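First up is the structure itself, then whatever we jot down about it.
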Amino acid sequence: MKLSLFSLLSLAIAMGSYSSTSMAQDLQQDLIKKGEYLSNAGDCVACHTSENGEKFAGGRAVDSPFGPIYSTNITPSKTAGIGNYTYEEFEQSLRHGIRADGAFLYPAMPYPSYQKITDEDTKAMYAYFMHGVKAVDVEATETSLSFPFNQRWGIRFWDWVATDDGAFVADPKQSEEHNRGAYLVQGLGHCGSCHTPRGIIYQEKSYDHANKSFLSGADIGIWHAPSLRAGNNTNLEHWSVQDLMDYFSTGRNYYSAVAGEMTDVIQYSLSHLTKDDLHAMAIYLKSQSGQKSAKSEDTSAPGNTTKLLNSAKVDINSGARLYLDNCNACHFTDGAGAPHVFPQLDDNSLVNAENPDGLIHIILAGARLPSTTNAPEAIEMPGFGWRLNDKEVATLATFVRQSWRNNATKVDADEVKEIRQTISSEVLNKSAPQVY
Ligand code: HEC
Ligand code: HEC
Ligand code: HEC
């Protein structure tokens with residue numbers, strides 16, 4: 001950097017008229033701002049805030065195969081939160097899953113991914129949580145799993161086997177932007193905690209792209225987190241970098257609309273990130289190839305379903321009839337929907353998921369797009385649970401899963417019955433007309 005005499009002089013004048021404490025305060029404010037941005041990228045708020053609870057005051061149940069694990073209060077409260085945490089204690093919790101009292105945290109807190117966060121970013125987040133967050137003196141619900149899962153020391157052995165020991169490794173062959181995307185996806189974004197399949201001891205099969213299983217798709221509860229690699233019926237094969245950025249910033253793009261567990265990720269995390277960061281993540285994801293499918297080359301199938309629906313007589317088979325009567329108005333006979341508003345059902349990852357539970361849930365209960373700054377209106381799909389019985393939903397879901405280019409297994413009425421039981425009657429009847 002070249003410093004002219006002039007700039008040195010003006011710097012000296014500026015420093016003279018500017019007390020060193022207020023300069024330190026400005027630096028501290030910048031650090032807190034940066035920490036806030038990074039905690040958005042890490043989506044801390046989604047897990048550490050309960051429904052209708054105060055921001056970061058914890059108490060939200062994170063489902064695990066062993067029972068609910070409650071997030072803790074991470075506000076700077078000295079009695080209920082982490083107000084007494086030193087930087088080292090904060091760093092150990094965030095990156096290594098070790099609490100200030102030495103106990104091991106359950107991996108419901110995604111520290112296996114967060115260990116990739118740099119020192120610099122961890123320090124900024126510490127500044128934010130200590131000085132930029134409002135203290136809330138309310139204790140969060142405590143986690144009480146049954147034996148042996150209440151034995152936190154056991155987690156230590158799990159850590160040895162299940163997590164890789166790794167700071168983030170940049171790839172020198174890739175651009176700075178690509179590496180920034182990789183850093184956000186693998187680390188703060190902890191995308192793998194939902195999108196990477198888990199192994200026998202519930203560990204993520206991989207934590208970076210060195211392994212083909214990374215981000216190759218997984219089931220979480222009834223939802224399917226699709227593969228983020230190009231391949232068999234995945235949207236990532238067709239979506240451009242711009243389509244991905246649209247999806248990240250608004251929850252919708254030309255083809256699709258978000259539902260299920262991904263809604264919070266868009267609403268609380270991705271829609272708050274800068275365009276540059278979203279672009280970097282999209283570039284990185286598009287560079288990860290997966291299994292190529294032969295099927296998506298086949299364009300004859302969409303024509304057939306569309307023809308059937310367009311020329312439908314009154315006595316057409318019942319899957320097609322149910323589609324025309326209930327879905328056609330928004331998703332259209334070619335299953336292509338309407339760009340940015342009604343998602344495309346043709347060749348859609350949710351529709352083709354091996355496990356149809358997410359599709360069944362949407363037909364029964366409907367779905368609501370998140371409202372984000374860039375796409376504020378929350379568009380809704382009504383639920384049909386009040387109107388269609390289990391058999392009809394199964395027939396309809398099977399039809400949708402086997403039409404156009406879709407090619408997934410049948411759905412039977414018992415599966416629908418099971419999902420219906422998990423939905424409250426209030427939600428099931430939400431779209432029903434009110435008759436007095
Ligand atoms: C997927 C959900 C999830 C996300 C995302 C998440 N946490 Fe956590 N976190 C938890 C859970 C659950 C616990 C409690 C685990 C336990 O009790 O063993 C926890 C515990 C903690 C603790 C230990 C607190 C204590 O009381 O000792 C800290 C600190 C923490 N999280 C910080 C963060 C920060 C900072 C972020 C964002 C970068 C974050 N968490 C994101 C679920 C999450
Ligand atoms: C809490 C679990 C969870 C986390 C964390 C998560 N996702 Fe997702 N994601 C999902 C689910 C479930 C879907 C399916 C949503 C749907 O079908 O509408 C999804 C869908 C997607 C899609 C659309 C894929 C398609 O084929 O339609 C993209 C892209 C995506 N996620 C990227 C990411 C990125 C990038 C991250 C990390 C910043 C991330 N996700 C973190 C659960 C998650
Ligand atoms: C009034 C318009 C409307 C009708 C009728 C409608 N949908 Fe939707 N559908 C939407 C909207 C809007 C979304 C996006 C909402 C969201 O994902 O949060 C959506 C989302 C979906 C999705 C999720 C797609 C994805 O990629 O996440 C599926 C699957 C779906 N609809 C299937 C159906 C089926 C099957 C029917 C008939 C029973 C139907 N829809 C009827 C408007 C409609």
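Quick note on naming: the chains in the structure tokens go A, B, ... in the order shown, residues restart at 1 in each chain, and ligands are numbered from 1 in order of appearance.
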
Near Tyr85 in chain A, counting only C-alpha atoms, which residues have an atom at most 9 Å away, once you skip same-chain residues fewer than 5 positions from it, shown as number ranges by chain? A: 76, 78, 90, 100, 130

Save out the residues we just selected, all heavy atoms, as a short mmCIF file (atom, residue, chain, number, x, y, z; two decimals), in the first residue's frame.
data_model
loop_
_atom_site.label_atom_id
_atom_site.label_comp_id
_atom_site.auth_asym_id
_atom_site.auth_seq_id
_atom_site.Cartn_x
_atom_site.Cartn_y
_atom_site.Cartn_z
N PRO A 76 -26.57 -13.03 27.11
CA PRO A 76 -25.53 -12.76 28.11
C PRO A 76 -26.05 -12.66 29.55
O PRO A 76 -25.40 -12.04 30.40
CB PRO A 76 -24.93 -11.43 27.63
CG PRO A 76 -25.98 -10.80 26.82
CD PRO A 76 -26.79 -11.89 26.21
N LYS A 78 -26.35 -13.43 33.27
CA LYS A 78 -25.36 -14.07 34.15
C LYS A 78 -25.99 -15.19 34.97
O LYS A 78 -25.30 -16.05 35.51
CB LYS A 78 -24.73 -13.03 35.09
CG LYS A 78 -23.86 -12.04 34.33
CD LYS A 78 -22.80 -11.43 35.23
CE LYS A 78 -22.00 -10.34 34.53
NZ LYS A 78 -21.07 -10.82 33.51
N PHE A 90 -16.59 -20.05 25.50
CA PHE A 90 -17.50 -19.90 24.35
C PHE A 90 -16.97 -20.70 23.16
O PHE A 90 -17.70 -21.45 22.51
CB PHE A 90 -17.61 -18.41 24.00
CG PHE A 90 -18.49 -18.13 22.81
CD1 PHE A 90 -19.88 -18.12 22.93
CD2 PHE A 90 -17.93 -17.85 21.56
CE1 PHE A 90 -20.69 -17.85 21.83
CE2 PHE A 90 -18.74 -17.58 20.45
CZ PHE A 90 -20.12 -17.58 20.60
N ALA A 100 -19.06 -24.84 29.62
CA ALA A 100 -18.13 -24.21 30.57
C ALA A 100 -17.86 -25.12 31.76
O ALA A 100 -16.75 -25.12 32.31
CB ALA A 100 -18.71 -22.89 31.04
N MET A 130 -21.89 -11.30 23.74
CA MET A 130 -21.67 -10.64 25.03
C MET A 130 -22.21 -9.22 25.06
O MET A 130 -22.71 -8.75 26.06
CB MET A 130 -20.16 -10.61 25.36
CG MET A 130 -19.59 -11.98 25.64
SD MET A 130 -20.48 -12.80 27.00
CE MET A 130 -20.70 -14.43 26.31
#

For chain A versus ligand 1, which residues have an atom no more than 8 Å away, and what is each residue's nearest atom pair and distance in Å rounded to one decimal, using only C-alpha atoms and all ligand atoms, chain-then-number order, as a tab-separated table?
residue	atom	partner	partner_atom_place_in_ligand_line	distance
A:Leu38	CA	ligand 1	38 (C)	7.3
A:Ser39	CA	ligand 1	38 (C)	4.9
A:Asn40	CA	ligand 1	37 (C)	7.5
A:Ala41	CA	ligand 1	38 (C)	7.5
A:Gly42	CA	ligand 1	38 (C)	4.2
A:Asp43	CA	ligand 1	5 (C)	5.1
A:Cys44	CA	ligand 1	37 (C)	3.4
A:Val45	CA	ligand 1	41 (C)	7.0
A:Ala46	CA	ligand 1	5 (C)	6.3
A:Cys47	CA	ligand 1	2 (C)	4.3
A:His48	CA	ligand 1	7 (N)	6.0
A:Arg60	CA	ligand 1	12 (C)	7.7
A:Ala61	CA	ligand 1	12 (C)	7.1
A:Val62	CA	ligand 1	12 (C)	5.8
A:Ile69	CA	ligand 1	12 (C)	5.3
A:Tyr70	CA	ligand 1	12 (C)	5.0
A:Ser71	CA	ligand 1	12 (C)	3.7
A:Thr72	CA	ligand 1	26 (O)	4.8
A:Asn73	CA	ligand 1	26 (O)	6.0
A:Ile74	CA	ligand 1	24 (C)	5.9
A:Gly81	CA	ligand 1	26 (O)	6.3
A:Ile82	CA	ligand 1	26 (O)	6.2
A:Phe90	CA	ligand 1	29 (C)	5.5
A:Glu91	CA	ligand 1	29 (C)	7.8
A:Ser93	CA	ligand 1	29 (C)	5.1
A:Leu94	CA	ligand 1	32 (C)	5.5
A:Gly97	CA	ligand 1	23 (C)	7.5
A:Ile98	CA	ligand 1	23 (C)	7.6
A:Arg99	CA	ligand 1	27 (O)	4.6
A:Ala100	CA	ligand 1	27 (O)	6.0
A:Asp101	CA	ligand 1	27 (O)	7.7
A:Phe104	CA	ligand 1	18 (O)	6.4
A:Leu105	CA	ligand 1	18 (O)	3.3
A:Tyr106	CA	ligand 1	18 (O)	3.8
A:Pro107	CA	ligand 1	15 (C)	6.9
A:Ala108	CA	ligand 1	12 (C)	4.7
A:Met109	CA	ligand 1	42 (C)	3.6
A:Pro110	CA	ligand 1	1 (C)	5.7
A:Tyr111	CA	ligand 1	8 (Fe)	7.9
A:Tyr114	CA	ligand 1	38 (C)	7.1
A:Met125	CA	ligand 1	35 (C)	6.8
A:Tyr126	CA	ligand 1	35 (C)	7.8
A:Phe129	CA	ligand 1	35 (C)	7.6
A:Glu142	CA	ligand 1	17 (O)	7.6
A:Thr143	CA	ligand 1	17 (O)	6.2
A:Arg152	CA	ligand 1	18 (O)	7.8
A:Leu188	CA	ligand 1	38 (C)	6.3
A:His190	CA	ligand 1	5 (C)	7.7
A:Ser193	CA	ligand 1	1 (C)	7.9

Quick one: write out the picked residues with N, CA and C atoms as a tab-separated table (two decimals), in the first residue's frame?
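The resulting part.tsv:
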chain	number	residue	atom	x	y	z
A	38	LEU	N	-22.50	-13.13	11.22
A	38	LEU	CA	-22.05	-14.52	11.24
A	38	LEU	C	-23.03	-15.42	11.99
A	39	SER	N	-23.65	-14.89	13.04
A	39	SER	CA	-24.59	-15.75	13.76
A	39	SER	C	-25.85	-15.96	12.92
A	40	ASN	N	-26.16	-15.00	12.01
A	40	ASN	CA	-27.24	-15.28	11.05
A	40	ASN	C	-26.82	-16.40	10.11
A	41	ALA	N	-25.58	-16.34	9.64
A	41	ALA	CA	-25.10	-17.40	8.75
A	41	ALA	C	-25.12	-18.75	9.46
A	42	GLY	N	-24.96	-18.74	10.78
A	42	GLY	CA	-24.96	-19.98	11.55
A	42	GLY	C	-26.35	-20.39	12.01
A	43	ASP	N	-27.35	-19.52	11.77
A	43	ASP	CA	-28.74	-19.82	12.11
A	43	ASP	C	-28.91	-20.16	13.60
A	44	CYS	N	-28.15	-19.51	14.47
A	44	CYS	CA	-28.24	-19.76	15.91
A	44	CYS	C	-29.66	-19.50	16.41
A	45	VAL	N	-30.30	-18.48	15.82
A	45	VAL	CA	-31.59	-18.06	16.35
A	45	VAL	C	-32.66	-19.14	16.17
A	46	ALA	N	-32.61	-19.87	15.07
A	46	ALA	CA	-33.66	-20.86	14.79
A	46	ALA	C	-33.73	-21.91	15.90
A	47	CYS	N	-32.59	-22.39	16.37
A	47	CYS	CA	-32.62	-23.42	17.41
A	47	CYS	C	-32.70	-22.83	18.81
A	48	HIS	N	-32.09	-21.67	19.01
A	48	HIS	CA	-31.99	-21.15	20.38
A	48	HIS	C	-33.14	-20.22	20.75
A	60	ARG	N	-36.07	-24.40	22.94
A	60	ARG	CA	-36.70	-25.05	21.80
A	60	ARG	C	-36.23	-26.50	21.73
A	61	ALA	N	-37.16	-27.42	21.54
A	61	ALA	CA	-36.80	-28.84	21.47
A	61	ALA	C	-36.22	-29.16	20.11
A	62	VAL	N	-35.04	-29.75	20.09
A	62	VAL	CA	-34.46	-30.25	18.84
A	62	VAL	C	-34.64	-31.77	18.90
A	69	ILE	N	-34.05	-32.72	22.75
A	69	ILE	CA	-32.93	-32.07	23.42
A	69	ILE	C	-33.21	-30.57	23.36
A	70	TYR	N	-33.26	-29.94	24.52
A	70	TYR	CA	-33.63	-28.52	24.55
A	70	TYR	C	-32.42	-27.63	24.37
A	71	SER	N	-32.57	-26.62	23.52
A	71	SER	CA	-31.48	-25.66	23.35
A	71	SER	C	-31.40	-24.81	24.62
A	72	THR	N	-30.24	-24.22	24.85
A	72	THR	CA	-30.01	-23.48	26.09
A	72	THR	C	-30.14	-21.98	25.84
A	73	ASN	N	-30.18	-21.24	26.91
A	73	ASN	CA	-30.24	-19.78	26.86
A	73	ASN	C	-28.82	-19.28	26.53
A	74	ILE	N	-28.65	-18.64	25.37
A	74	ILE	CA	-27.31	-18.14	25.04
A	74	ILE	C	-27.29	-16.61	25.00
A	81	GLY	N	-28.06	-17.50	31.33
A	81	GLY	CA	-27.44	-17.64	30.02
A	81	GLY	C	-25.94	-17.85	30.09
A	82	ILE	N	-25.23	-17.28	29.10
A	82	ILE	CA	-23.79	-17.51	29.03
A	82	ILE	C	-23.00	-16.24	29.40
A	90	PHE	N	-16.59	-20.05	25.50
A	90	PHE	CA	-17.50	-19.90	24.35
A	90	PHE	C	-16.97	-20.70	23.16
A	91	GLU	N	-15.68	-20.55	22.92
A	91	GLU	CA	-15.05	-21.24	21.78
A	91	GLU	C	-15.15	-22.75	21.94
A	93	SER	N	-17.45	-24.45	23.58
A	93	SER	CA	-18.84	-24.89	23.35
A	93	SER	C	-19.15	-24.89	21.86
A	94	LEU	N	-18.79	-23.80	21.20
A	94	LEU	CA	-19.18	-23.62	19.80
A	94	LEU	C	-18.48	-24.62	18.89
A	97	GLY	N	-18.10	-28.55	21.41
A	97	GLY	CA	-19.20	-29.16	22.14
A	97	GLY	C	-18.89	-29.41	23.61
A	98	ILE	N	-18.04	-28.57	24.19
A	98	ILE	CA	-17.75	-28.73	25.62
A	98	ILE	C	-18.22	-27.48	26.37
A	99	ARG	N	-19.14	-27.69	27.30
A	99	ARG	CA	-19.75	-26.60	28.05
A	99	ARG	C	-18.76	-26.03	29.06
A	100	ALA	N	-19.06	-24.84	29.62
A	100	ALA	CA	-18.13	-24.21	30.57
A	100	ALA	C	-17.86	-25.12	31.76
A	101	ASP	N	-18.84	-25.89	32.21
A	101	ASP	CA	-18.61	-26.76	33.37
A	101	ASP	C	-17.93	-28.07	32.98
A	104	PHE	N	-20.21	-32.47	28.24
A	104	PHE	CA	-20.26	-32.55	26.78
A	104	PHE	C	-21.65	-32.23	26.27
A	105	LEU	N	-21.71	-31.43	25.23
A	105	LEU	CA	-23.00	-31.08	24.64
A	105	LEU	C	-23.44	-32.17	23.68
A	106	TYR	N	-24.74	-32.37	23.60
A	106	TYR	CA	-25.28	-33.28	22.60
A	106	TYR	C	-25.05	-32.68	21.22
A	107	PRO	N	-24.79	-33.53	20.24
A	107	PRO	CA	-24.55	-32.99	18.90
A	107	PRO	C	-25.80	-32.43	18.22
A	108	ALA	N	-26.93	-32.31	18.96
A	108	ALA	CA	-28.06	-31.54	18.46
A	108	ALA	C	-27.58	-30.10	18.23
A	109	MET	N	-26.58	-29.70	18.98
A	109	MET	CA	-25.87	-28.44	18.72
A	109	MET	C	-24.82	-28.80	17.66
A	110	PRO	N	-24.89	-28.17	16.48
A	110	PRO	CA	-24.05	-28.66	15.36
A	110	PRO	C	-22.56	-28.32	15.44
A	111	TYR	N	-21.94	-28.56	16.62
A	111	TYR	CA	-20.51	-28.24	16.72
A	111	TYR	C	-19.62	-29.05	15.79
A	114	TYR	N	-19.48	-26.64	13.16
A	114	TYR	CA	-18.96	-25.34	13.60
A	114	TYR	C	-17.46	-25.37	13.89
A	125	MET	N	-18.21	-13.40	16.93
A	125	MET	CA	-19.48	-13.90	17.46
A	125	MET	C	-19.52	-13.77	18.98
A	126	TYR	N	-18.38	-13.98	19.62
A	126	TYR	CA	-18.31	-13.81	21.07
A	126	TYR	C	-18.66	-12.36	21.43
A	129	PHE	N	-22.44	-11.91	21.08
A	129	PHE	CA	-23.26	-12.52	22.13
A	129	PHE	C	-23.06	-11.85	23.49
A	142	GLU	N	-34.85	-27.77	30.81
A	142	GLU	CA	-33.68	-28.65	30.80
A	142	GLU	C	-33.93	-29.95	30.06
A	143	THR	N	-32.88	-30.45	29.45
A	143	THR	CA	-33.00	-31.71	28.72
A	143	THR	C	-32.91	-32.86	29.71
A	152	ARG	N	-23.71	-37.80	29.85
A	152	ARG	CA	-23.04	-36.93	28.88
A	152	ARG	C	-21.60	-37.35	28.59
A	188	LEU	N	-20.37	-22.66	9.15
A	188	LEU	CA	-21.49	-21.96	9.79
A	188	LEU	C	-22.85	-22.44	9.30
A	190	HIS	N	-23.80	-25.25	8.38
A	190	HIS	CA	-24.05	-26.64	8.79
A	190	HIS	C	-25.12	-27.33	7.93
A	193	SER	N	-25.79	-31.07	8.28
A	193	SER	CA	-26.50	-31.68	9.41
A	193	SER	C	-27.88	-32.16	8.98

Ala162 in chain A environment, 8 Å, only C-alpha atoms, sequence neighbours closer than 4 positions dropped, as a ChimeraX atom specification: /A:158,201,203-204

Dump as a Markdown table the rows for residues of chain A within 8 Å of ligand 2: closest atom pair and distance in Å with one decimal, only C-alpha atoms and all ligand atoms counted, ordered by chain and rising residue number.
| residue | atom | partner | partner_atom_place_in_ligand_line | distance |
| --- | --- | --- | --- | --- |
| A:Ala41 | CA | ligand 2 | 38 (C) | 7.5 |
| A:Leu184 | CA | ligand 2 | 38 (C) | 7.1 |
| A:Val185 | CA | ligand 2 | 38 (C) | 5.3 |
| A:Gln186 | CA | ligand 2 | 37 (C) | 7.8 |
| A:Leu188 | CA | ligand 2 | 38 (C) | 7.7 |
| A:Gly189 | CA | ligand 2 | 38 (C) | 4.0 |
| A:His190 | CA | ligand 2 | 37 (C) | 5.6 |
| A:Cys191 | CA | ligand 2 | 37 (C) | 3.4 |
| A:Gly192 | CA | ligand 2 | 41 (C) | 6.9 |
| A:Ser193 | CA | ligand 2 | 5 (C) | 5.8 |
| A:Cys194 | CA | ligand 2 | 2 (C) | 4.3 |
| A:His195 | CA | ligand 2 | 7 (N) | 6.1 |
| A:Asp219 | CA | ligand 2 | 12 (C) | 7.8 |
| A:Ile220 | CA | ligand 2 | 12 (C) | 6.9 |
| A:Trp223 | CA | ligand 2 | 12 (C) | 5.0 |
| A:His224 | CA | ligand 2 | 12 (C) | 5.0 |
| A:Ala225 | CA | ligand 2 | 11 (C) | 3.8 |
| A:Pro226 | CA | ligand 2 | 26 (O) | 5.1 |
| A:Ser227 | CA | ligand 2 | 26 (O) | 6.5 |
| A:Leu228 | CA | ligand 2 | 29 (C) | 6.2 |
| A:Thr234 | CA | ligand 2 | 26 (O) | 5.1 |
| A:Asn235 | CA | ligand 2 | 26 (O) | 4.2 |
| A:Leu236 | CA | ligand 2 | 26 (O) | 5.8 |
| A:Leu244 | CA | ligand 2 | 29 (C) | 6.0 |
| A:Tyr247 | CA | ligand 2 | 29 (C) | 7.0 |
| A:Phe248 | CA | ligand 2 | 29 (C) | 7.3 |
| A:Ser256 | CA | ligand 2 | 27 (O) | 6.8 |
| A:Ala257 | CA | ligand 2 | 18 (O) | 6.0 |
| A:Val258 | CA | ligand 2 | 18 (O) | 3.7 |
| A:Ala259 | CA | ligand 2 | 18 (O) | 3.6 |
| A:Gly260 | CA | ligand 2 | 12 (C) | 5.3 |
| A:Glu261 | CA | ligand 2 | 12 (C) | 4.5 |
| A:Met262 | CA | ligand 2 | 10 (C) | 4.1 |
| A:Thr263 | CA | ligand 2 | 15 (C) | 7.3 |
| A:Asp264 | CA | ligand 2 | 1 (C) | 7.5 |
| A:Val265 | CA | ligand 2 | 6 (C) | 6.1 |
| A:Ser269 | CA | ligand 2 | 38 (C) | 7.7 |
| A:Leu270 | CA | ligand 2 | 38 (C) | 6.6 |
| A:Met281 | CA | ligand 2 | 35 (C) | 6.7 |
| A:Ala282 | CA | ligand 2 | 35 (C) | 7.6 |
| A:Leu285 | CA | ligand 2 | 35 (C) | 7.5 |
| A:Asn348 | CA | ligand 2 | 27 (O) | 6.7 |
| A:Ser349 | CA | ligand 2 | 26 (O) | 4.8 |
| A:Leu350 | CA | ligand 2 | 17 (O) | 4.4 |
| A:Val351 | CA | ligand 2 | 17 (O) | 8.0 |
| A:Gly358 | CA | ligand 2 | 17 (O) | 7.5 |

Within 7 Å of ligand 3, which residues of chain A show up? Give each one with its shortest atom-to-atom distance in Å (one decimal) and the two atoms involved, counting only C-alpha atoms and all ligand atoms, rows by chain then rising residue number, as a Markdown table.
| residue | atom | partner | partner_atom_place_in_ligand_line | distance |
| --- | --- | --- | --- | --- |
| A:Ser256 | CA | ligand 3 | 26 (O) | 4.9 |
| A:Ala257 | CA | ligand 3 | 17 (O) | 4.4 |
| A:Val258 | CA | ligand 3 | 17 (O) | 4.5 |
| A:Ala259 | CA | ligand 3 | 17 (O) | 4.3 |
| A:Tyr323 | CA | ligand 3 | 37 (C) | 5.8 |
| A:Asn326 | CA | ligand 3 | 37 (C) | 4.6 |
| A:Cys327 | CA | ligand 3 | 37 (C) | 3.4 |
| A:Asn328 | CA | ligand 3 | 5 (C) | 6.7 |
| A:Ala329 | CA | ligand 3 | 5 (C) | 5.7 |
| A:Cys330 | CA | ligand 3 | 2 (C) | 4.4 |
| A:His331 | CA | ligand 3 | 7 (N) | 6.3 |
| A:Val341 | CA | ligand 3 | 12 (C) | 5.8 |
| A:Phe342 | CA | ligand 3 | 11 (C) | 4.7 |
| A:Pro343 | CA | ligand 3 | 24 (C) | 5.3 |
| A:Gln344 | CA | ligand 3 | 26 (O) | 6.8 |
| A:Leu345 | CA | ligand 3 | 29 (C) | 6.1 |
| A:Asn348 | CA | ligand 3 | 26 (O) | 6.0 |
| A:Ser349 | CA | ligand 3 | 26 (O) | 6.7 |
| A:Leu350 | CA | ligand 3 | 26 (O) | 5.5 |
| A:Val351 | CA | ligand 3 | 29 (C) | 5.5 |
| A:Leu359 | CA | ligand 3 | 29 (C) | 5.2 |
| A:Ile362 | CA | ligand 3 | 28 (C) | 6.2 |
| A:Ile363 | CA | ligand 3 | 38 (C) | 5.3 |
| A:Ala367 | CA | ligand 3 | 18 (O) | 4.2 |
| A:Arg368 | CA | ligand 3 | 18 (O) | 3.8 |
| A:Leu369 | CA | ligand 3 | 18 (O) | 3.7 |
| A:Ile379 | CA | ligand 3 | 12 (C) | 5.1 |
| A:Glu380 | CA | ligand 3 | 12 (C) | 4.7 |
| A:Met381 | CA | ligand 3 | 42 (C) | 4.0 |
| A:Pro382 | CA | ligand 3 | 1 (C) | 6.1 |
| A:Phe384 | CA | ligand 3 | 38 (C) | 6.2 |
| A:Leu396 | CA | ligand 3 | 35 (C) | 6.7 |
| A:Ala397 | CA | ligand 3 | 35 (C) | 6.4 |
| A:Val400 | CA | ligand 3 | 35 (C) | 6.6 |

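Considering the residues A:Ile155, A:Ala365, A:Ala230, A:Ala135 and counting only C-alpha atoms, Asn84 in chain A has its shortest atom-to-atom contact with A:Ala135.
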
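Using only C-alpha atoms for every distance, the candidate list A:Pro112, A:Pro433, A:Gly221, A:Gly251 yields A:Pro112 as the residue closest to Val161 in chain A.
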
As a VMD selection string, please: all residues of range 142-390 of chain A that backbone DSSP puts in helix (DSSP H, G or I). chain A and resid 154 to 162 176 to 188 192 to 195 235 to 237 241 to 250 262 to 272 275 to 286 295 to 297 300 to 310 318 to 326 328 to 331 349 to 352 357 to 365 390

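Residue nearest Glu237 in chain A within the list A:Lys286, A:Glu51, A:Leu215, A:Tyr207: A:Lys286 [criterion: smallest interatomic distance, only C-alpha atoms].
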
In terms of only C-alpha atoms, the residue from A:Ala394, A:Ile316, A:Leu145, A:Val169 at minimal distance from Gly67 in chain A is A:Leu145

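Taking CA of Ile419 in chain A as the reference point, CA of Asn407 in chain A is found at 21.9 Å.
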
Using only C-alpha atoms, determine which residues lie at most 8 Å from Val416 in chain A, disregarding the query and same-chain residues fewer than 2 positions distant; provide the list as an MDAnalysis selection string. chainID A and resid 357 360 390:391 393:394 411:414 418:420
